[in-house]
file entry.txt (compact mmCIF, C-alpha atoms)
# COMPACT_ATOMS: atom_id res chain seq x y z
CA MET Z 25 24.07 14.89 -10.84
CA THR Z 26 20.67 15.31 -9.21
CA ASN Z 27 20.15 14.05 -5.69
CA TYR Z 28 16.69 13.21 -4.37
CA ILE Z 29 15.11 12.41 -1.03
CA ALA Z 30 12.16 10.05 -1.38
CA SER Z 31 9.87 7.85 0.66
CA VAL Z 32 8.02 4.84 -0.75
CA ASP Z 33 5.39 2.80 1.06
CA CYS Z 34 5.33 -0.24 -1.21
CA GLY Z 35 2.34 -1.92 0.40
CA ASN Z 36 0.63 -5.21 -0.33
CA GLY Z 37 -2.42 -3.28 -1.55
CA ASN Z 38 -1.12 0.01 -2.90
CA THR Z 39 2.20 1.69 -3.54
CA CYS Z 40 2.50 5.31 -2.39
CA ALA Z 41 5.54 7.50 -2.95
CA MET Z 42 6.61 11.09 -2.37
CA LEU Z 43 9.61 13.22 -3.34
CA ALA Z 44 10.84 15.70 -0.75
CA GLY Z 45 10.96 19.31 -1.82
CA THR Z 46 8.72 18.93 -4.85
CA LYS Z 47 5.78 17.66 -2.75
CA LYS Z 48 4.96 15.38 -5.68
CA SER Z 49 3.24 12.13 -4.75
CA ILE Z 50 1.76 9.11 -6.47
CA SER Z 51 -0.38 6.12 -5.50
CA PHE Z 52 -1.32 3.03 -7.51
CA PRO Z 53 -2.29 -0.63 -6.93
CA SER Z 54 0.69 -2.91 -6.25
CA ILE Z 55 0.03 -5.17 -9.24
CA ARG Z 56 1.58 -5.63 -12.66
CA ALA Z 57 1.11 -7.77 -15.76
CA ARG Z 58 3.83 -8.86 -18.18
CA ILE Z 59 2.96 -7.79 -21.72
CA THR Z 60 4.41 -7.70 -25.22
CA SER Z 61 5.74 -4.36 -26.38
CA LYS Z 62 4.59 -5.02 -29.95
CA THR Z 63 2.27 -2.57 -31.70
CA LEU Z 64 0.04 -2.81 -34.75
CA GLY Z 65 1.20 0.61 -35.84
CA LEU Z 66 -2.35 1.91 -36.17
CA GLY Z 67 -1.66 5.06 -34.23
CA LYS Z 68 -3.28 6.84 -31.31
CA GLY Z 69 -6.99 6.20 -30.90
CA HIS Z 70 -6.87 2.85 -32.70
CA GLU Z 71 -4.95 0.82 -30.14
CA LEU Z 72 -5.43 0.48 -26.40
CA ASP Z 73 -3.33 3.14 -24.70
CA PHE Z 74 -1.80 2.31 -21.34
CA ALA Z 75 1.26 3.12 -19.25
CA SER Z 76 4.06 0.57 -19.22
CA ALA Z 77 7.66 0.12 -18.13
CA VAL Z 78 10.61 -2.00 -19.22
CA TRP Z 79 12.37 -3.61 -16.26
CA ARG Z 80 15.14 -6.19 -16.39
CA GLY Z 81 14.28 -7.22 -19.93
CA ASP Z 82 10.50 -7.50 -19.53
CA THR Z 83 7.69 -5.02 -20.23
CA TYR Z 84 4.92 -4.55 -17.68
CA ALA Z 85 1.61 -2.75 -17.40
CA ILE Z 86 1.09 -1.49 -13.86
CA GLY Z 87 -1.82 -0.85 -11.52
CA ASP Z 88 -5.26 -0.46 -13.08
CA ASP Z 89 -3.70 -0.61 -16.56
CA ALA Z 90 -2.64 -4.19 -15.81
CA LEU Z 91 -6.34 -5.11 -15.52
CA LEU Z 92 -7.00 -3.58 -18.93
CA VAL Z 93 -4.43 -5.58 -20.86
CA ASN Z 94 -4.02 -8.96 -19.16
CA ARG Z 95 -6.64 -9.87 -16.54
CA GLN Z 96 -5.46 -13.47 -16.27
CA GLY Z 97 -1.77 -12.65 -15.88
CA ILE Z 98 -1.88 -10.31 -12.90
CA ASP Z 99 1.32 -10.45 -10.86
CA ARG Z 100 0.94 -9.53 -7.20
CA HIS Z 101 3.21 -10.48 -4.34
CA MET Z 102 1.70 -10.53 -0.88
CA GLY Z 103 3.35 -11.73 2.29
CA VAL Z 104 6.55 -11.32 4.27
CA ASN Z 105 8.87 -12.53 1.49
CA ARG Z 106 7.96 -9.64 -0.80
CA TYR Z 107 9.86 -6.97 1.13
CA GLY Z 108 13.03 -6.07 -0.76
CA GLY Z 109 12.31 -8.62 -3.48
CA GLU Z 110 12.31 -8.01 -7.23
CA HIS Z 111 8.58 -7.18 -7.34
CA HIS Z 112 9.02 -4.74 -4.44
CA GLN Z 113 12.02 -3.08 -6.11
CA PHE Z 114 10.14 -2.75 -9.39
CA LEU Z 115 7.16 -1.00 -7.81
CA THR Z 116 9.50 1.38 -5.99
CA ALA Z 117 11.47 2.18 -9.15
CA TYR Z 118 8.29 2.68 -11.19
CA ALA Z 119 6.84 5.05 -8.60
CA LEU Z 120 10.03 7.12 -8.50
CA ALA Z 121 10.24 7.23 -12.29
CA ARG Z 122 6.64 8.42 -12.48
CA LEU Z 123 7.56 11.19 -10.04
CA GLY Z 124 10.20 12.39 -12.48
CA VAL Z 125 13.44 10.73 -11.37
CA LYS Z 126 15.66 10.09 -14.40
CA SER Z 127 19.20 9.89 -13.02
CA GLY Z 128 21.37 10.72 -10.03
CA SER Z 129 21.18 9.33 -6.53
CA ILE Z 130 18.37 8.87 -4.02
CA ASP Z 131 18.18 8.86 -0.25
CA LEU Z 132 15.32 6.40 0.12
CA THR Z 133 13.04 5.54 3.03
CA LEU Z 134 11.06 2.29 2.93
CA LEU Z 135 8.57 0.65 5.28
CA CYS Z 136 7.97 -2.91 6.50
CA PRO Z 137 5.72 -4.61 9.11
CA PRO Z 138 7.00 -3.73 12.61
CA ALA Z 139 7.11 -7.30 13.92
CA MET Z 140 9.32 -8.25 10.96
CA TYR Z 141 11.44 -5.10 11.16
CA ASN Z 142 14.53 -6.61 12.80
CA ASP Z 143 14.59 -9.49 10.32
CA LEU Z 144 13.83 -7.44 7.20
CA LYS Z 145 15.70 -4.17 7.71
CA GLN Z 146 19.21 -5.19 6.64
CA PRO Z 147 18.15 -7.57 3.82
CA MET Z 148 16.01 -4.76 2.36
CA ILE Z 149 18.92 -2.32 2.55
CA ASP Z 150 21.29 -4.85 0.97
CA ALA Z 151 18.84 -5.66 -1.84
CA TYR Z 152 18.23 -2.03 -2.76
CA THR Z 153 21.89 -1.02 -2.72
CA ALA Z 154 23.24 -4.12 -4.50
CA GLN Z 155 23.08 -2.65 -8.00
CA PRO Z 156 22.05 0.53 -9.86
CA VAL Z 157 18.44 0.92 -10.98
CA GLU Z 158 17.49 0.92 -14.65
CA ILE Z 159 13.90 1.36 -15.81
CA THR Z 160 12.36 2.72 -19.00
CA LEU Z 161 8.87 4.21 -19.05
CA LYS Z 162 6.74 4.17 -22.17
CA GLY Z 163 7.80 7.15 -24.26
CA ASP Z 164 11.30 7.42 -22.78
CA LYS Z 165 14.05 7.84 -25.37
CA LYS Z 166 16.62 6.23 -23.12
CA PRO Z 167 16.60 4.24 -19.86
CA ARG Z 168 16.41 6.02 -16.52
CA GLN Z 169 19.32 5.10 -14.27
CA TRP Z 170 20.03 5.97 -10.66
CA THR Z 171 21.48 4.59 -7.44
CA TYR Z 172 20.22 4.41 -3.88
CA ASP Z 173 22.99 6.09 -1.91
CA SER Z 174 21.19 5.68 1.38
CA VAL Z 175 18.32 3.38 2.35
CA ASN Z 176 16.44 3.75 5.62
CA VAL Z 177 13.73 1.32 6.76
CA LEU Z 178 10.99 2.25 9.22
CA PRO Z 179 8.17 0.18 10.76
CA GLU Z 180 4.83 0.50 8.96
CA GLY Z 181 2.40 2.71 10.82
CA TYR Z 182 5.17 4.55 12.62
CA ALA Z 183 5.40 7.06 9.78
CA ALA Z 184 1.83 8.09 10.60
CA LYS Z 185 3.22 9.59 13.78
CA GLY Z 186 5.01 12.19 11.70
CA CYS Z 187 1.76 13.15 9.97
CA ILE Z 188 0.19 13.81 13.36
CA MET Z 189 3.15 15.64 14.89
CA LEU Z 190 4.28 17.79 11.95
CA ASP Z 191 2.52 20.04 9.47
CA PRO Z 192 3.38 19.88 5.73
CA SER Z 193 6.32 22.24 6.28
CA GLY Z 194 7.81 20.00 8.99
CA THR Z 195 6.83 22.24 11.90
CA LYS Z 196 5.24 20.82 15.03
CA TRP Z 197 1.57 21.75 15.22
CA ALA Z 198 -1.51 21.44 17.47
CA LEU Z 199 -2.33 17.88 16.42
CA ALA Z 200 0.86 16.72 18.16
CA ALA Z 201 -1.08 16.99 21.43
CA LYS Z 202 -3.00 13.88 20.36
CA LEU Z 203 0.17 11.84 20.99
CA VAL Z 204 0.70 12.93 24.59
CA GLY Z 205 0.66 10.01 27.02
CA ASP Z 206 0.19 6.38 25.97
CA VAL Z 207 -1.46 6.05 22.56
CA VAL Z 208 -2.10 2.80 20.70
CA LEU Z 209 -1.54 2.98 16.95
CA LEU Z 210 -3.54 0.52 14.84
CA ASP Z 211 -2.41 0.26 11.22
CA VAL Z 212 -4.85 -1.79 9.15
CA GLY Z 213 -3.18 -2.73 5.87
CA ALA Z 214 -3.88 -5.31 3.19
CA TYR Z 215 -1.69 -8.12 4.58
CA THR Z 216 -1.02 -7.25 8.21
CA ALA Z 217 -2.74 -5.55 11.09
CA ASN Z 218 -0.07 -3.69 13.04
CA VAL Z 219 -0.70 -2.52 16.58
CA PHE Z 220 1.75 -0.93 19.00
CA ARG Z 221 1.97 1.62 21.80
CA LEU Z 222 3.50 5.08 21.58
CA HIS Z 223 4.56 6.90 24.75
CA ASN Z 224 4.56 10.65 24.13
CA GLY Z 225 5.09 9.85 20.47
CA ALA Z 226 8.04 7.49 21.05
CA PHE Z 227 7.99 3.87 19.93
CA ASN Z 228 9.02 1.13 22.36
CA PRO Z 229 11.31 -1.36 20.53
CA ALA Z 230 10.29 -4.04 23.02
CA ASP Z 231 6.84 -4.05 21.40
CA LEU Z 232 8.25 -5.09 18.00
CA PRO Z 233 7.91 -8.89 18.26
CA GLN Z 234 4.17 -8.80 18.91
CA SER Z 235 3.25 -5.68 16.92
CA SER Z 236 2.14 -7.32 13.64
CA ILE Z 237 -0.58 -9.89 13.02
CA ALA Z 238 0.35 -11.53 9.73
CA ASN Z 239 -2.33 -12.38 7.16
CA GLU Z 240 -5.02 -10.64 9.22
CA GLY Z 241 -5.34 -7.46 7.17
CA GLY Z 242 -8.05 -6.22 4.85
CA ASN Z 243 -7.31 -8.88 2.24
CA THR Z 244 -8.34 -11.69 4.59
CA HIS Z 245 -11.19 -9.94 6.39
CA LEU Z 246 -12.68 -7.73 3.65
CA ARG Z 247 -11.60 -8.36 0.07
CA LEU Z 248 -11.71 -12.16 -0.01
CA PRO Z 249 -15.13 -12.41 1.73
CA LEU Z 250 -16.48 -9.72 -0.61
CA LEU Z 251 -15.21 -11.69 -3.61
CA GLY Z 252 -17.00 -14.83 -2.43
CA TRP Z 253 -20.20 -12.88 -1.84
CA VAL Z 254 -20.08 -11.29 -5.31
CA HIS Z 255 -19.44 -14.67 -6.95
CA GLY Z 256 -22.50 -16.00 -5.14
CA ALA Z 257 -24.68 -13.55 -7.08
CA GLY Z 258 -23.98 -15.61 -10.22
CA GLY Z 259 -24.01 -14.63 -13.88
CA ASP Z 260 -21.27 -12.35 -15.15
CA LEU Z 261 -20.24 -11.66 -11.56
CA THR Z 262 -18.67 -15.12 -11.24
CA ALA Z 263 -15.77 -13.80 -13.35
CA VAL Z 264 -14.98 -10.92 -10.96
CA THR Z 265 -11.44 -11.06 -9.57
CA LEU Z 266 -9.89 -9.83 -6.35
CA ASP Z 267 -8.39 -6.92 -8.25
CA ASP Z 268 -11.84 -5.84 -9.43
CA ILE Z 269 -12.99 -5.81 -5.81
CA ASP Z 270 -9.94 -3.79 -4.83
CA ARG Z 271 -10.59 -1.22 -7.55
CA VAL Z 272 -14.19 -0.62 -6.44
CA LEU Z 273 -13.05 -0.24 -2.82
CA ARG Z 274 -10.28 2.15 -3.80
CA LEU Z 275 -12.48 4.37 -5.95
CA GLY Z 276 -15.38 4.12 -3.51
CA SER Z 277 -13.25 5.34 -0.63
CA ALA Z 278 -13.00 8.68 -2.45
CA SER Z 279 -16.45 8.88 -4.06
CA GLY Z 280 -18.63 6.97 -1.60
CA ASP Z 281 -19.97 4.89 -4.50
CA TYR Z 282 -19.38 1.16 -4.01
CA VAL Z 283 -21.50 -0.09 -6.93
CA MET Z 284 -19.57 -2.56 -9.08
CA GLN Z 285 -20.31 -2.55 -12.80
CA PHE Z 286 -19.09 -5.75 -14.43
CA GLY Z 287 -20.19 -6.93 -17.86
CA SER Z 288 -23.97 -6.61 -17.97
CA ALA Z 289 -24.29 -6.93 -14.20
CA SER Z 290 -24.03 -4.53 -11.30
CA ILE Z 291 -23.97 -5.03 -7.55
CA ASP Z 292 -23.72 -2.64 -4.61
CA LEU Z 293 -20.99 -3.73 -2.20
CA THR Z 294 -22.09 -1.29 0.51
CA PRO Z 295 -24.28 -3.56 2.68
CA MET Z 296 -21.81 -6.45 2.74
CA LEU Z 297 -18.84 -4.12 3.16
CA ASP Z 298 -20.50 -2.55 6.21
CA ARG Z 299 -21.24 -5.97 7.65
CA LEU Z 300 -17.68 -7.19 7.09
CA GLY Z 301 -16.30 -3.94 8.50
CA LYS Z 302 -18.29 -4.55 11.68
CA GLN Z 303 -17.04 -8.14 11.91
CA TYR Z 304 -13.44 -7.04 11.32
CA ALA Z 305 -13.70 -4.29 13.91
CA ASP Z 306 -14.98 -6.84 16.42
CA TRP Z 307 -12.11 -9.18 15.55
CA LEU Z 308 -9.53 -6.42 16.00
CA ALA Z 309 -11.10 -5.35 19.27
CA ASN Z 310 -10.84 -8.90 20.59
CA ASN Z 311 -7.50 -10.01 19.15
CA ALA Z 312 -5.49 -6.79 18.96
CA LEU Z 313 -6.85 -4.22 21.38
CA ASP Z 314 -8.36 -6.24 24.22
CA THR Z 315 -5.98 -9.21 24.22
CA ARG Z 316 -2.81 -7.13 23.87
CA TYR Z 317 -3.77 -3.88 25.61
CA ASP Z 318 -6.44 -4.94 28.11
CA GLY Z 319 -9.25 -3.13 26.36
CA LEU Z 320 -7.25 0.12 26.29
CA LYS Z 321 -7.93 0.72 30.00
CA ASP Z 322 -4.70 2.63 30.62
CA ILE Z 323 -4.51 4.17 27.14
CA SER Z 324 -5.19 7.85 26.50
CA GLY Z 325 -5.96 7.52 22.80
CA LEU Z 326 -6.32 5.21 19.79
CA LEU Z 327 -4.88 6.24 16.41
CA ILE Z 328 -6.22 4.24 13.44
CA VAL Z 329 -4.44 4.44 10.08
CA GLY Z 330 -4.02 2.32 6.96
CA GLY Z 331 -5.93 1.59 3.79
CA ASN Z 332 -8.77 -0.19 5.59
CA ALA Z 333 -9.19 2.22 8.50
CA ALA Z 334 -12.36 3.81 7.11
CA TYR Z 335 -14.24 0.49 7.12
CA ILE Z 336 -13.66 -0.25 10.81
CA MET Z 337 -13.55 3.18 12.47
CA PRO Z 338 -17.34 3.70 12.67
CA HIS Z 339 -17.65 0.38 14.50
CA LEU Z 340 -14.66 0.74 16.84
CA THR Z 341 -15.99 4.05 18.12
CA GLN Z 342 -19.30 2.51 19.19

call {"tool": "encode", "arguments": {"input": "entry.txt", "output": "structure tokens"}}
result
Amino acid sequence: MTNYIASVDCGNGNTCAMLAGTKKSISFPSIRARITSKTLGLGKGHELDFASAVWRGDTYAIGDDALLVNRQGIDRHMGVNRYGGEHHQFLTAYALARLGVKSGSIDLTLLCPPAMYNDLKQPMIDAYTAQPVEITLKGDKKPRQWTYDSVNVLPEGYAAKGCIMLDPSGTKWALAAKLVGDVVLLDVGAYTANVFRLHNGAFNPADLPQSSIANEGGNTHLRLPLLGWVHGAGGDLTAVTLDDIDRVLRLGSASGDYVMQFGSASIDLTPMLDRLGKQYADWLANNALDTRYDGLKDISGLLIVGGNAAYIMPHLTQ
């Protein structure tokens, strides 16, 4: 029996997973669409080809493939109630299956918003260990089955500390000096903005209750306003969805190209994205950094992480 050690950040925006030892990793949008598994039998090249998975009796397309096959039936689950739920468990299982897990047992580490950590930790552990996992990827000859022998839950953002302190081999390196003294960590995700203080790299549990600002992440401050702005351009762009916006942002973060092509129309999101990034940075400065940490007067450093960090960092450093 094969045993694995894995970590999955099943976020509101994207799901990211890594297997220890193999250094394999995967990232995809945290969306799915229920589909039929029927085929016309026309063969490769004549039917739309996409990745899918069978889970608890239903077949799903996942991530960007979900947008290809069923744009009106996108299933996303944002908010506090998603953690440990069926949708959350599915995304975790799919990520692990894509990384090559077929059977055995897994020591799993999950993440949740720090302010909700005390309430969510045990329910998440109970949900994940309640029953064995069974999932079948497209092309599998038989279902993949495994168990979670151990489940550990950490606060979101806190895992970034490890990336600063340790090199890829797990050895402490020069970057660890960035965590000396009192450092505020700002984790800007899709649903929450998490902010807490680290003292010489250690987290203060007393900060937990006020460390997350629910529904004040990139979805509220960036994606939804961008969607409204794009719809205002009219024409084909009125049919753009939030997932289309998310895809352009995700691809643009790597390429620098934020031009959306949709139907016969195109629109460059760059000017509005920069404007919204400035507004969001101002909001975070007022409501997270100044209000909670007195403008960082006694803080030696600010560490900004999360999927929306790149949009606010240029403005927070001004």

call {"tool": "closest_residue", "arguments": {"input": "entry.txt", "among": "Z:Asp99, Z:Asp131, Z:Asp211, Z:Asp150", "to": "Ser54 in chain Z", "atoms": "all atoms listed in the file"}}
result
Z:Asp99

call {"tool": "residues_around", "arguments": {"input": "entry.txt", "residues": "Leu250 in chain Z", "least_positions_apart": "2", "cutoff": "10 Å", "atoms": "only C-alpha atoms", "output": "count of residues only"}}
result
18

call {"tool": "atom_distance", "arguments": {"input": "entry.txt", "atom1": "CA of Asn239 in chain Z", "atom2": "CA of Met102 in chain Z"}}
result
9.2 Å

call {"tool": "atom_distance", "arguments": {"input": "entry.txt", "atom1": "CA of Tyr141 in chain Z", "atom2": "CA of Pro179 in chain Z"}}
result
6.2 Å

call {"tool": "residues_around", "arguments": {"input": "entry.txt", "residues": "Ile29 in chain Z", "least_positions_apart": "5", "cutoff": "10 Å", "atoms": "all atoms listed in the file", "output": "CSV table (one decimal) with C-alpha atoms, in the frame of the given file"}}
result
chain,number,residue,atom,x,y,z
Z,42,MET,CA,6.6,11.1,-2.4
Z,43,LEU,CA,9.6,13.2,-3.3
Z,44,ALA,CA,10.8,15.7,-0.8
Z,45,GLY,CA,11.0,19.3,-1.8
Z,46,THR,CA,8.7,18.9,-4.8
Z,129,SER,CA,21.2,9.3,-6.5
Z,130,ILE,CA,18.4,8.9,-4.0
Z,131,ASP,CA,18.2,8.9,-0.2
Z,132,LEU,CA,15.3,6.4,0.1
Z,133,THR,CA,13.0,5.5,3.0
Z,172,TYR,CA,20.2,4.4,-3.9
Z,174,SER,CA,21.2,5.7,1.4

call {"tool": "closest_residue", "arguments": {"input": "entry.txt", "among": "Z:His339, Z:Arg106, Z:Arg80, Z:Lys126", "to": "Lys166 in chain Z", "atoms": "all atoms listed in the file"}}
result
Z:Lys126

call {"tool": "closest_residue", "arguments": {"input": "entry.txt", "among": "Z:Gly287, Z:Gly87, Z:Gly319, Z:Gly163", "to": "Leu261 in chain Z", "atoms": "only C-alpha atoms"}}
result
Z:Gly287

call {"tool": "closest_residue", "arguments": {"input": "entry.txt", "among": "Z:Thr195, Z:Phe74, Z:Gly124, Z:Ile55", "to": "His111 in chain Z", "atoms": "all atoms listed in the file"}}
result
Z:Ile55

call {"tool": "residues_around", "arguments": {"input": "entry.txt", "residues": "Asp33 in chain Z", "least_positions_apart": "2", "cutoff": "9 Å", "atoms": "all atoms listed in the file", "output": "number ranges by chain"}}
result
Z: 31, 35, 38-41, 116, 133-136, 180

call {"tool": "closest_residue", "arguments": {"input": "entry.txt", "among": "Z:Ala217, Z:Ala119, Z:Ile59, Z:Leu91", "to": "Pro138 in chain Z", "atoms": "all atoms listed in the file"}}
result
Z:Ala217

call {"tool": "atom_distance", "arguments": {"input": "entry.txt", "atom1": "CA of Gln285 in chain Z", "atom2": "CA of Ala333 in chain Z"}}
result
24.5 Å

call {"tool": "closest_residue", "arguments": {"input": "entry.txt", "among": "Z:Arg274, Z:Asp73, Z:Glu158, Z:Gly325", "to": "Phe52 in chain Z", "atoms": "all atoms listed in the file"}}
result
Z:Arg274

call {"tool": "residues_around", "arguments": {"input": "entry.txt", "residues": "Glu240 in chain Z", "least_positions_apart": "4", "cutoff": "10 Å", "atoms": "only C-alpha atoms", "output": "list in words"}}
result
Val212, Gly213, Ala214, Tyr215, Thr216, Ala217, Asn218, Ser236, Thr244, His245, Leu246, Tyr304, Trp307 and Leu308 of chain Z

call {"tool": "residues_near_point", "arguments": {"input": "entry.txt", "point": "(14.7, 5.7, -10.9)", "cutoff": "12 Å", "atoms": "all atoms listed in the file", "output": "PyMOL selection string"}}
result
chain Z and resi 26-30+43+77+79+113-132+152+156-161+167-172
